[in-house]
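Next comes target-v8.cif, a file with mmCIF, C-alpha atoms.
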data_start
#
loop_
_atom_site.label_atom_id
_atom_site.label_comp_id
_atom_site.auth_asym_id
_atom_site.auth_seq_id
_atom_site.Cartn_x
_atom_site.Cartn_y
_atom_site.Cartn_z
CA MET A 1 -63.40 -234.84 -159.23
CA THR A 2 -67.13 -234.95 -158.64
CA THR A 3 -68.86 -234.88 -155.29
CA GLU A 4 -71.55 -237.42 -154.68
CA THR A 5 -73.44 -238.92 -151.79
CA ILE A 6 -72.64 -242.56 -151.20
CA SER A 7 -75.17 -244.60 -149.26
CA ILE A 8 -73.63 -246.78 -146.55
CA GLN A 9 -76.41 -247.70 -144.06
CA LYS A 10 -74.26 -249.25 -141.37
CA ASP A 11 -75.40 -249.76 -137.80
CA LEU A 12 -72.50 -248.58 -135.65
CA GLN A 13 -73.53 -250.73 -132.73
CA SER A 14 -73.89 -253.99 -134.63
CA GLN A 15 -70.40 -255.26 -133.82
CA ARG A 16 -70.84 -254.66 -130.11
CA ARG A 17 -74.23 -256.32 -130.24
CA ALA A 18 -72.79 -259.37 -131.99
CA GLU A 19 -70.01 -259.65 -129.41
CA ALA A 20 -72.51 -259.44 -126.54
CA ASP A 21 -74.74 -262.06 -128.20
CA ALA A 22 -71.81 -264.45 -128.64
CA TRP A 23 -70.81 -264.05 -124.99
CA ARG A 24 -74.41 -264.56 -123.86
CA GLN A 25 -74.52 -267.78 -125.86
CA THR A 26 -71.21 -269.01 -124.44
CA LEU A 27 -72.42 -268.53 -120.87
CA ALA A 28 -75.78 -270.17 -121.60
CA GLU A 29 -74.04 -273.23 -123.02
CA ARG A 30 -72.12 -273.52 -119.76
CA GLY A 31 -75.36 -273.28 -117.79
CA ILE A 32 -74.52 -269.87 -116.34
CA LEU A 33 -77.22 -267.25 -115.92
CA CYS A 34 -75.66 -263.81 -116.23
CA VAL A 35 -77.38 -260.92 -114.45
CA ASN A 36 -76.58 -257.25 -114.99
CA LEU A 37 -77.57 -255.37 -111.84
CA ILE A 38 -77.97 -251.63 -112.23
CA SER A 39 -79.04 -248.91 -109.83
CA SER A 40 -78.04 -245.51 -108.54
CA PRO A 41 -75.20 -245.40 -105.97
CA GLY A 42 -76.27 -246.54 -102.52
CA ALA A 43 -79.43 -248.42 -103.53
CA GLY A 44 -77.96 -251.53 -101.93
CA LYS A 45 -76.63 -253.67 -104.80
CA THR A 46 -73.72 -255.07 -102.79
CA SER A 47 -75.93 -255.57 -99.73
CA LEU A 48 -78.41 -257.54 -101.83
CA LEU A 49 -75.60 -259.70 -103.21
CA GLN A 50 -74.34 -260.33 -99.67
CA ALA A 51 -77.86 -261.31 -98.62
CA MET A 52 -78.19 -263.63 -101.62
CA ALA A 53 -74.84 -265.29 -101.02
CA LYS A 54 -75.76 -265.76 -97.37
CA HIS A 55 -79.17 -267.21 -98.29
CA TRP A 56 -77.66 -269.67 -100.77
CA SER A 57 -74.58 -270.28 -98.62
CA GLY A 58 -72.48 -271.84 -101.36
CA ARG A 59 -75.22 -273.61 -103.34
CA PRO A 60 -76.16 -272.69 -106.01
CA ARG A 61 -72.81 -271.17 -106.77
CA MET A 62 -72.64 -267.53 -107.71
CA ALA A 63 -69.74 -265.35 -108.75
CA VAL A 64 -69.68 -261.59 -108.81
CA LEU A 65 -67.97 -259.01 -110.99
CA VAL A 66 -68.33 -255.67 -109.31
CA GLY A 67 -67.76 -252.38 -111.08
CA ASP A 68 -66.75 -249.11 -109.47
CA ILE A 69 -64.86 -246.03 -110.51
CA ALA A 70 -62.35 -246.57 -107.72
CA THR A 71 -61.47 -248.84 -104.74
CA ASP A 72 -62.09 -252.55 -104.18
CA ARG A 73 -64.37 -251.96 -101.19
CA ASP A 74 -67.32 -253.84 -102.69
CA ALA A 75 -65.20 -256.85 -103.63
CA GLN A 76 -63.85 -256.96 -100.08
CA ARG A 77 -67.40 -257.02 -98.71
CA LEU A 78 -68.26 -260.01 -100.90
CA ALA A 79 -65.00 -261.96 -100.81
CA ALA A 80 -65.99 -264.01 -97.76
CA TRP A 81 -69.10 -265.26 -99.53
CA CYS A 82 -68.31 -266.01 -103.17
CA PRO A 83 -65.71 -265.68 -105.94
CA VAL A 84 -65.52 -261.98 -106.74
CA LYS A 85 -63.44 -259.69 -108.91
CA GLN A 86 -63.45 -255.93 -108.65
CA LEU A 87 -63.56 -254.06 -111.95
CA THR A 88 -62.33 -250.50 -111.63
CA THR A 89 -63.25 -248.31 -114.55
CA GLY A 90 -60.89 -245.45 -113.71
CA GLY A 91 -63.54 -242.80 -114.24
CA ALA A 92 -65.97 -244.39 -116.69
CA CYS A 93 -69.56 -244.29 -115.43
CA HIS A 94 -70.54 -247.76 -116.68
CA LEU A 95 -69.08 -251.16 -117.49
CA GLU A 96 -68.37 -252.34 -121.00
CA LEU A 97 -68.07 -255.90 -122.25
CA PRO A 98 -64.24 -256.09 -122.70
CA LEU A 99 -63.69 -255.14 -119.05
CA VAL A 100 -66.28 -257.67 -117.91
CA ARG A 101 -64.67 -260.44 -119.96
CA ALA A 102 -61.21 -259.61 -118.64
CA GLY A 103 -62.60 -259.82 -115.09
CA TRP A 104 -64.33 -263.13 -115.81
CA ASP A 105 -61.02 -264.62 -117.00
CA GLN A 106 -59.57 -263.90 -113.57
CA LEU A 107 -62.40 -265.50 -111.60
CA ASN A 108 -62.56 -268.97 -110.15
CA GLN A 109 -65.17 -270.26 -112.59
CA HIS A 110 -65.52 -273.75 -111.20
CA ASP A 111 -69.13 -274.88 -111.12
CA ILE A 112 -70.56 -271.37 -111.40
CA GLU A 113 -74.31 -271.23 -112.01
CA PHE A 114 -74.91 -267.50 -111.61
CA LEU A 115 -72.67 -264.67 -112.73
CA ILE A 116 -73.84 -261.39 -111.25
CA ILE A 117 -72.40 -258.20 -112.69
CA GLU A 118 -72.82 -255.32 -110.28
CA ASN A 119 -72.64 -252.30 -112.53
CA VAL A 120 -71.26 -248.89 -111.57
CA GLY A 121 -73.86 -246.99 -109.54
CA ASN A 122 -75.66 -244.99 -112.23
CA LEU A 123 -79.13 -245.23 -113.77
CA VAL A 124 -78.16 -243.60 -117.06
CA CYS A 125 -75.18 -244.96 -119.03
CA PRO A 126 -75.29 -248.63 -117.92
CA ALA A 127 -78.71 -248.85 -119.61
CA SER A 128 -77.05 -248.38 -123.02
CA HIS A 129 -74.44 -251.12 -122.66
CA ASP A 130 -75.19 -254.75 -123.32
CA LEU A 131 -72.83 -256.86 -121.18
CA GLY A 132 -74.05 -260.14 -122.63
CA GLU A 133 -76.41 -260.64 -119.70
CA HIS A 134 -79.47 -262.89 -119.82
CA LEU A 135 -81.31 -260.79 -117.30
CA ARG A 136 -81.09 -257.09 -116.62
CA VAL A 137 -82.27 -256.06 -113.19
CA VAL A 138 -82.83 -252.47 -112.18
CA MET A 139 -82.75 -251.80 -108.48
CA LEU A 140 -84.32 -248.92 -106.61
CA SER A 141 -84.44 -248.18 -102.90
CA VAL A 142 -87.41 -246.60 -101.18
CA THR A 143 -85.35 -243.62 -100.00
CA GLU A 144 -84.74 -242.57 -103.61
CA GLY A 145 -88.38 -241.69 -104.28
CA ASP A 146 -91.04 -243.37 -106.38
CA ASP A 147 -90.69 -241.10 -109.41
CA LYS A 148 -87.61 -242.78 -110.85
CA PRO A 149 -88.93 -245.07 -113.63
CA GLY A 150 -90.31 -242.16 -115.67
CA LYS A 151 -87.13 -240.14 -115.09
CA TYR A 152 -84.77 -242.93 -116.14
CA PRO A 153 -86.89 -244.71 -118.74
CA LYS A 154 -84.11 -246.55 -120.51
CA ALA A 155 -82.90 -248.32 -117.38
CA PHE A 156 -86.43 -249.57 -116.75
CA ARG A 157 -87.37 -250.22 -120.38
CA THR A 158 -84.35 -252.46 -120.97
CA SER A 159 -84.75 -254.42 -117.72
CA GLN A 160 -86.77 -257.56 -117.14
CA ALA A 161 -86.97 -257.27 -113.37
CA CYS A 162 -86.98 -254.50 -110.79
CA VAL A 163 -85.97 -254.97 -107.18
CA ILE A 164 -87.18 -252.39 -104.68
CA ASN A 165 -84.84 -252.44 -101.70
CA LYS A 166 -84.83 -251.01 -98.14
CA LEU A 167 -88.37 -252.17 -97.48
CA ASP A 168 -87.56 -251.87 -93.77
CA LEU A 169 -87.48 -248.07 -94.23
CA LEU A 170 -90.83 -247.88 -96.00
CA PRO A 171 -92.77 -246.68 -92.91
CA TYR A 172 -90.47 -243.66 -92.62
CA VAL A 173 -90.43 -242.31 -96.16
CA PRO A 174 -93.03 -241.03 -98.64
CA PHE A 175 -92.72 -243.89 -101.13
CA SER A 176 -95.53 -245.86 -102.73
CA VAL A 177 -94.70 -249.32 -104.06
CA SER A 178 -97.87 -249.33 -106.17
CA ALA A 179 -97.11 -245.88 -107.64
CA VAL A 180 -93.58 -246.89 -108.61
CA THR A 181 -94.86 -250.16 -110.08
CA GLN A 182 -97.45 -248.31 -112.13
CA ASP A 183 -94.85 -245.82 -113.37
CA ALA A 184 -92.44 -248.64 -114.24
CA HIS A 185 -95.13 -250.57 -116.12
CA ARG A 186 -95.86 -247.57 -118.34
CA VAL A 187 -92.28 -247.83 -119.54
CA GLN A 188 -91.94 -251.62 -119.41
CA PRO A 189 -95.24 -253.50 -119.09
CA ASP A 190 -93.53 -256.88 -118.64
CA LEU A 191 -91.27 -255.77 -115.78
CA ARG A 192 -91.33 -258.13 -112.82
CA VAL A 193 -91.33 -255.99 -109.66
CA MET A 194 -90.16 -257.48 -106.38
CA THR A 195 -89.59 -255.95 -102.96
CA VAL A 196 -86.78 -256.83 -100.55
CA SER A 197 -84.90 -255.66 -97.53
CA ALA A 198 -81.30 -256.69 -97.94
CA LEU A 199 -80.79 -255.64 -94.31
CA THR A 200 -83.47 -257.80 -92.67
CA GLY A 201 -83.57 -260.48 -95.36
CA GLU A 202 -87.26 -259.92 -96.14
CA GLY A 203 -88.07 -260.94 -99.72
CA VAL A 204 -84.56 -262.27 -100.40
CA SER A 205 -85.73 -265.87 -100.57
CA ALA A 206 -88.40 -265.05 -103.20
CA TRP A 207 -85.86 -263.06 -105.15
CA CYS A 208 -83.39 -265.95 -105.12
CA ASP A 209 -86.13 -268.35 -106.22
CA TYR A 210 -86.95 -266.06 -109.12
CA LEU A 211 -83.31 -266.22 -110.25
CA ILE A 212 -83.28 -270.00 -109.99
CA GLU A 213 -86.44 -270.11 -112.09
CA GLN A 214 -84.85 -267.84 -114.70
CA ARG A 215 -81.78 -270.06 -114.86
CA GLN A 216 -83.94 -273.14 -115.30
CA LYS A 217 -85.66 -271.45 -118.22
CA LEU A 218 -82.27 -270.65 -119.70
CA VAL A 219 -80.79 -274.10 -119.49
CA CYS A 220 -84.16 -275.78 -120.25
CA LEU A 221 -83.67 -278.29 -117.50
CA ASP A 222 -86.40 -280.15 -115.74
CA PRO A 223 -86.76 -278.35 -112.39
CA VAL A 224 -86.55 -281.72 -110.64
CA ILE A 225 -83.18 -282.54 -112.17
CA ALA A 226 -81.84 -279.03 -111.72
CA MET B 1 -69.67 -240.37 -121.44
CA HIS B 2 -69.47 -243.05 -124.14
CA GLU B 3 -70.08 -240.66 -127.06
CA ARG B 4 -66.33 -240.38 -127.70
CA SER B 5 -65.92 -244.11 -128.25
CA LEU B 6 -68.93 -244.11 -130.57
CA VAL B 7 -67.49 -241.18 -132.53
CA LYS B 8 -64.21 -243.06 -132.80
CA ALA B 9 -66.11 -246.07 -134.20
CA LEU B 10 -67.91 -243.74 -136.61
CA ILE B 11 -64.71 -242.13 -137.88
CA GLU B 12 -62.99 -245.49 -138.27
CA GLN B 13 -65.97 -246.83 -140.18
CA VAL B 14 -65.91 -243.84 -142.52
CA CYS B 15 -62.17 -244.27 -143.06
CA GLU B 16 -62.68 -247.94 -143.89
CA GLU B 17 -65.50 -247.20 -146.32
CA SER B 18 -63.39 -244.47 -147.86
CA ARG B 19 -60.52 -246.89 -148.47
CA ASN B 20 -62.73 -249.69 -149.77
CA ARG B 21 -64.58 -247.41 -152.15
CA THR B 22 -61.48 -245.35 -153.03
CA LEU B 23 -63.18 -242.10 -152.14
CA GLY B 24 -61.48 -238.75 -152.32
CA ARG B 25 -62.01 -235.83 -149.98
CA ILE B 26 -64.96 -236.29 -147.65
CA HIS B 27 -67.24 -233.28 -147.23
CA GLU B 28 -70.03 -234.51 -145.02
CA ILE B 29 -71.12 -237.50 -142.99
CA GLN B 30 -74.81 -238.21 -142.48
CA LEU B 31 -75.64 -239.93 -139.24
CA GLN B 32 -78.90 -241.06 -137.64
CA ILE B 33 -79.22 -241.15 -133.87
CA GLY B 34 -82.28 -242.68 -132.26
CA GLU B 35 -84.03 -240.68 -129.58
CA PHE B 36 -83.82 -243.72 -127.28
CA SER B 37 -80.29 -244.82 -128.23
CA GLY B 38 -78.77 -243.40 -125.07
CA VAL B 39 -76.55 -241.26 -127.28
CA GLU B 40 -76.75 -237.49 -126.96
CA PRO B 41 -76.53 -235.80 -130.39
CA ARG B 42 -74.93 -232.60 -129.06
CA LEU B 43 -72.19 -234.58 -127.34
CA VAL B 44 -71.60 -236.55 -130.53
CA GLU B 45 -71.30 -233.32 -132.50
CA SER B 46 -68.81 -231.75 -130.11
CA ALA B 47 -66.77 -234.97 -129.83
CA PHE B 48 -66.73 -235.19 -133.62
CA GLU B 49 -65.58 -231.61 -133.98
CA GLU B 50 -62.75 -232.27 -131.59
CA MET B 51 -61.69 -235.67 -132.93
CA SER B 52 -62.14 -235.35 -136.70
CA SER B 53 -59.17 -233.00 -137.12
CA GLY B 54 -56.94 -235.87 -136.03
CA TYR B 55 -58.07 -237.89 -139.05
CA TRP B 56 -58.74 -235.41 -141.84
CA ASP B 57 -56.85 -232.29 -142.93
CA SER B 58 -59.87 -230.48 -144.34
CA GLU B 59 -63.12 -229.84 -142.53
CA VAL B 60 -65.67 -232.65 -142.55
CA ARG B 61 -69.23 -231.70 -141.58
CA LEU B 62 -71.37 -234.00 -139.51
CA HIS B 63 -75.09 -233.96 -140.14
CA VAL B 64 -77.12 -235.62 -137.41
CA GLU B 65 -80.72 -236.65 -137.92
CA VAL B 66 -82.56 -237.57 -134.74
CA VAL B 67 -84.90 -240.54 -135.25
CA PRO B 68 -88.03 -240.43 -133.08
CA LEU B 69 -88.84 -243.36 -130.86
CA THR B 70 -91.39 -245.34 -132.85
CA ALA B 71 -93.30 -248.45 -131.89
CA LYS B 72 -95.76 -250.83 -133.54
CA CYS B 73 -98.61 -252.43 -131.65
CA ARG B 74 -98.63 -256.23 -131.80
CA ALA B 75 -102.38 -256.29 -131.21
CA CYS B 76 -103.72 -253.77 -133.73
CA ASP B 77 -100.68 -253.00 -135.94
CA GLU B 78 -100.87 -249.28 -135.15
CA THR B 79 -97.53 -247.52 -135.65
CA PHE B 80 -97.00 -244.60 -133.27
CA PHE B 81 -94.41 -242.24 -131.83
CA VAL B 82 -93.75 -243.07 -128.20
CA GLN B 83 -94.54 -239.92 -126.21
CA SER B 84 -93.05 -239.38 -122.76
CA PHE B 85 -91.66 -242.93 -122.83
CA CYS B 86 -95.12 -244.43 -122.41
CA PHE B 87 -94.98 -247.74 -124.29
CA ILE B 88 -98.73 -248.23 -124.56
CA CYS B 89 -100.65 -248.24 -127.84
CA PRO B 90 -102.65 -244.99 -128.13
CA LYS B 91 -105.28 -246.71 -130.29
CA CYS B 92 -106.12 -249.95 -128.45
CA GLU B 93 -104.17 -249.41 -125.20
CA SER B 94 -102.31 -252.69 -125.57
CA VAL B 95 -99.00 -252.89 -123.72
CA HIS B 96 -97.62 -255.37 -126.24
CA VAL B 97 -95.66 -253.13 -128.57
CA ASN B 98 -92.40 -253.50 -130.46
CA VAL B 99 -89.96 -250.65 -130.86
CA ILE B 100 -89.28 -250.33 -134.59
CA ALA B 101 -87.10 -247.20 -134.65
CA GLY B 102 -85.37 -244.80 -132.31
CA GLU B 103 -82.68 -247.00 -130.77
CA GLU B 104 -80.15 -246.84 -133.58
CA MET B 105 -76.90 -245.07 -134.34
CA ARG B 106 -76.50 -245.48 -138.07
CA LEU B 107 -73.97 -244.23 -140.55
CA VAL B 108 -76.36 -243.40 -143.38
CA SER B 109 -74.12 -241.96 -146.08
CA VAL B 110 -71.10 -239.82 -146.85
CA SER B 111 -70.73 -237.03 -149.36
CA ALA B 112 -67.33 -237.33 -150.94
CA GLU B 113 -65.32 -236.66 -154.02
CA ARG B 114 -65.06 -239.68 -156.21
CA ARG B 115 -61.59 -240.31 -157.59
CA GLU B 116 -61.55 -240.80 -161.34
CA LEU B 117 -60.25 -244.26 -162.06
CA ILE B 118 -57.38 -244.50 -164.50
CA ARG B 119 -58.48 -246.78 -167.25
#

What would the structure in this file look like if it were written as C-alpha cells?
Amino acid sequence: MTTETISIQKDLQSQRRAEADAWRQTLAERGILCVNLISSPGAGKTSLLQAMAKHWSGRPRMAVLVGDIATDRDAQRLAAWCPVKQLTTGGACHLELPLVRAGWDQLNQHDIEFLIIENVGNLVCPASHDLGEHLRVVMLSVTEGDDKPGKYPKAFRTSQACVINKLDLLPYVPFSVSAVTQDAHRVQPDLRVMTVSALTGEGVSAWCDYLIEQRQKLVCLDPVIA
Amino acid sequence: MHERSLVKALIEQVCEESRNRTLGRIHEIQLQIGEFSGVEPRLVESAFEEMSSGYWDSEVRLHVEVVPLTAKCRACDETFFVQSFCFICPKCESVHVNVIAGEEMRLVSVSAERRELIR
C-alpha cells in the first residue's frame, strides 16, 4: 500500500446548478417568468404580492409558492387573489429547488405568466440557493434601516432588483433611500432599485410594469403582441 | 444551516471517487471553499467531524482552503481581491467586474492508499 494524493477537482455545486438551469429553461419555454423574492421577516413580501395581484386583478396571471418554516398563513392571505401553494420547510431557513418543484406540481398552472416564489424570511441562506428563477429580487423595508446591503452582501450581489417597501413610513424613520441605494450599488452596480408602499399602493404599478418588461425580455415577444 | 447537506454531498462524492478509482483507506480530503460561497468553513468542519464516522471506520482529516473573493475588471483587465464586498475596480473604478473565484465549493483532491492491482 502506498499513500498518494489523487487530484479530483470537482465542483460540489455543479449538479444543483445544472438542475436549476434546466428548470429555468423549462419555465422560459412555457413563457413563465420566475421570480425569487427574498427579504427579512416582516419586510412585506406577502403584502407586496397581495398588492400586485390586486393591481393585475387576474391578468396577467401570477401564481405564488410561499415558503415558511410553519403555518399556511401567507397562503391563506393570497388564496383569494391567485393560485398559491404554501411550502413549509419544517425548520429549514430557506427554500431549495426540490421543494419548489414539488409545490409547483400541485399548483393550477393554467395560463400562468409569472411564478413568484416568496422565500422564507431571511437575508442570509436564501442568497446561496438557486431556485431556477429568472429574476432575484431582494426586498427591504424602511423600518429595517438603510445599512442592510453592506451587511448582507450576498443577498444584494445575487439580486437583479431591490424593492424598498413601507414608503408610507419614511417620514417617521431615519432611513435614506439614496444612502441605501448607494450602499447596494457598491455591492451590485447593476441593481435596479424601486420604492413601493404595499399598504397604500404607491409604486406598485411601476413595479408591476417592470416585471412585465422583464417577462417580455425573457420570451422575446414584441411588446405589442404580448 | 445547509452545510450538512453539502457535507453529505462531499462525502458521497468521495465515496464514489473511491469506488471508481479503487482507492484504499482515505487519509485526507482537500476542499476549497470560496469566501463568498455562503458556506461557513467552521460549520463544514464540525459537520464533517460528526458525519464522517458514519461512513469510514478510521479517521479521515478534512483540510479546508478558503479561496478569497477575486474579481477581474472588464474595462482594464485588473484582477483584484474584493475587499469589504465592494465590487468596484480599485485601478480604474469601473463597476463592470466579473467574479472569477471565491464562490466555489470544490473537492480538490484526496490522499488515499492505492490498492495494488493483482496482475

Practice task
Return as a PyMOL selection string the set of residues that the PyMOL selection byres ((chain A) within 9 of (chain B)) yields on the displayed structure.
Solution key: chain A and resi 1-13+92-94+124-125+127-128+150+153-154+157+185-190

Suppose we keep C-alpha atoms; can you now write the selection as a short mmCIF file (atom, residue, chain, number, x, y, z; two decimals), keeping the file's coordinate frame?
data_model
loop_
_atom_site.label_atom_id
_atom_site.label_comp_id
_atom_site.auth_asym_id
_atom_site.auth_seq_id
_atom_site.Cartn_x
_atom_site.Cartn_y
_atom_site.Cartn_z
CA MET A 1 -63.40 -234.84 -159.23
CA THR A 2 -67.13 -234.95 -158.64
CA THR A 3 -68.86 -234.88 -155.29
CA GLU A 4 -71.55 -237.42 -154.68
CA THR A 5 -73.44 -238.92 -151.79
CA ILE A 6 -72.64 -242.56 -151.20
CA SER A 7 -75.17 -244.60 -149.26
CA ILE A 8 -73.63 -246.78 -146.55
CA GLN A 9 -76.41 -247.70 -144.06
CA LYS A 10 -74.26 -249.25 -141.37
CA ASP A 11 -75.40 -249.76 -137.80
CA LEU A 12 -72.50 -248.58 -135.65
CA GLN A 13 -73.53 -250.73 -132.73
CA ALA A 92 -65.97 -244.39 -116.69
CA CYS A 93 -69.56 -244.29 -115.43
CA HIS A 94 -70.54 -247.76 -116.68
CA VAL A 124 -78.16 -243.60 -117.06
CA CYS A 125 -75.18 -244.96 -119.03
CA ALA A 127 -78.71 -248.85 -119.61
CA SER A 128 -77.05 -248.38 -123.02
CA GLY A 150 -90.31 -242.16 -115.67
CA PRO A 153 -86.89 -244.71 -118.74
CA LYS A 154 -84.11 -246.55 -120.51
CA ARG A 157 -87.37 -250.22 -120.38
CA HIS A 185 -95.13 -250.57 -116.12
CA ARG A 186 -95.86 -247.57 -118.34
CA VAL A 187 -92.28 -247.83 -119.54
CA GLN A 188 -91.94 -251.62 -119.41
CA PRO A 189 -95.24 -253.50 -119.09
CA ASP A 190 -93.53 -256.88 -118.64
#

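Ranking A:Asp68, A:Asp105, A:Asp146, A:Asp111 by their shortest atom-to-atom distance to Cys82 (chain A), with all atoms listed in the file included, puts A:Asp111 first.
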
Exercise for the section: Determine the residue membership of the PyMOL selection byres ((chain B and resi 44-47) around 10) for the file above and supply it as an NGL selection string. Expected result: :B and (2-8 or 33 or 39-43 or 48-52 or 61-64)

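Separating CA of Ile100 (chain B) from CA of Glu65 (chain B) is a distance of 16.5 Å.
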
Exercise for the section: Find the residues around Leu140 (chain A) up to 9 Å (all atoms listed in the file counted), leave out those fewer than 3 positions away in its own chain, and share them as a ChimeraX atom specification. Expected result: /A:38-40,43-44,143-146,148,162-166

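Between CA of Ala79 (chain A) and CA of Ala155 (chain A) there is a distance of 27.9 Å.
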
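Nearest to Ser57 (chain A) of all the residues A:Pro126, A:Asn36, A:Gln15, A:Cys208 is A:Cys208, based on only C-alpha atoms.
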
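Taking CA of Ser205 (chain A) and CA of Ala75 (chain A) as the two end points, the separation is 22.6 Å.
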
Problem - Residues within 9 Å of Thr88 (chain A), only C-alpha atoms, excluding chain neighbours under 2 positions, as a ChimeraX atom specification - result: /A:66-72,86,90-92,95,99

Practice task
Compile the contact shell of Asp168 (chain A) as a ChimeraX atom specification: residues with an atom at most 10 Å away, counting all atoms listed in the file, same-chain residues fewer than 3 positions apart removed.
Solution key: /A:142,165,171-172,196-202

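Proximity of A:Pro98, A:Thr195, A:Val120, A:Val84 to Gly132 (chain A), computed with only C-alpha atoms, is greatest for A:Pro98.
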
Step by step, work through what the PyMOL selection byres ((chain A and resi 97) around 12) selects in the shown file, and finish by giving those residues as a PDB file with C-alpha atoms, in the coordinates of the input.
ATOM      1  CA  GLN A  15     -70.400-255.260-133.820  1.00  0.00           C
ATOM      2  CA  ARG A  16     -70.840-254.660-130.110  1.00  0.00           C
ATOM      3  CA  ARG A  17     -74.230-256.320-130.240  1.00  0.00           C
ATOM      4  CA  ALA A  18     -72.790-259.370-131.990  1.00  0.00           C
ATOM      5  CA  GLU A  19     -70.010-259.650-129.410  1.00  0.00           C
ATOM      6  CA  ALA A  20     -72.510-259.440-126.540  1.00  0.00           C
ATOM      7  CA  ASP A  21     -74.740-262.060-128.200  1.00  0.00           C
ATOM      8  CA  ALA A  22     -71.810-264.450-128.640  1.00  0.00           C
ATOM      9  CA  TRP A  23     -70.810-264.050-124.990  1.00  0.00           C
ATOM     10  CA  ARG A  24     -74.410-264.560-123.860  1.00  0.00           C
ATOM     11  CA  ASN A  36     -76.580-257.250-114.990  1.00  0.00           C
ATOM     12  CA  LEU A  65     -67.970-259.010-110.990  1.00  0.00           C
ATOM     13  CA  GLY A  67     -67.760-252.380-111.080  1.00  0.00           C
ATOM     14  CA  LEU A  87     -63.560-254.060-111.950  1.00  0.00           C
ATOM     15  CA  THR A  89     -63.250-248.310-114.550  1.00  0.00           C
ATOM     16  CA  HIS A  94     -70.540-247.760-116.680  1.00  0.00           C
ATOM     17  CA  LEU A  95     -69.080-251.160-117.490  1.00  0.00           C
ATOM     18  CA  GLU A  96     -68.370-252.340-121.000  1.00  0.00           C
ATOM     19  CA  PRO A  98     -64.240-256.090-122.700  1.00  0.00           C
ATOM     20  CA  LEU A  99     -63.690-255.140-119.050  1.00  0.00           C
ATOM     21  CA  VAL A 100     -66.280-257.670-117.910  1.00  0.00           C
ATOM     22  CA  ARG A 101     -64.670-260.440-119.960  1.00  0.00           C
ATOM     23  CA  ALA A 102     -61.210-259.610-118.640  1.00  0.00           C
ATOM     24  CA  GLY A 103     -62.600-259.820-115.090  1.00  0.00           C
ATOM     25  CA  TRP A 104     -64.330-263.130-115.810  1.00  0.00           C
ATOM     26  CA  ILE A 117     -72.400-258.200-112.690  1.00  0.00           C
ATOM     27  CA  ASN A 119     -72.640-252.300-112.530  1.00  0.00           C
ATOM     28  CA  PRO A 126     -75.290-248.630-117.920  1.00  0.00           C
ATOM     29  CA  SER A 128     -77.050-248.380-123.020  1.00  0.00           C
ATOM     30  CA  HIS A 129     -74.440-251.120-122.660  1.00  0.00           C
ATOM     31  CA  ASP A 130     -75.190-254.750-123.320  1.00  0.00           C
ATOM     32  CA  LEU A 131     -72.830-256.860-121.180  1.00  0.00           C
ATOM     33  CA  GLY A 132     -74.050-260.140-122.630  1.00  0.00           C
ATOM     34  CA  GLU A 133     -76.410-260.640-119.700  1.00  0.00           C
TER      35      GLU A 133
END
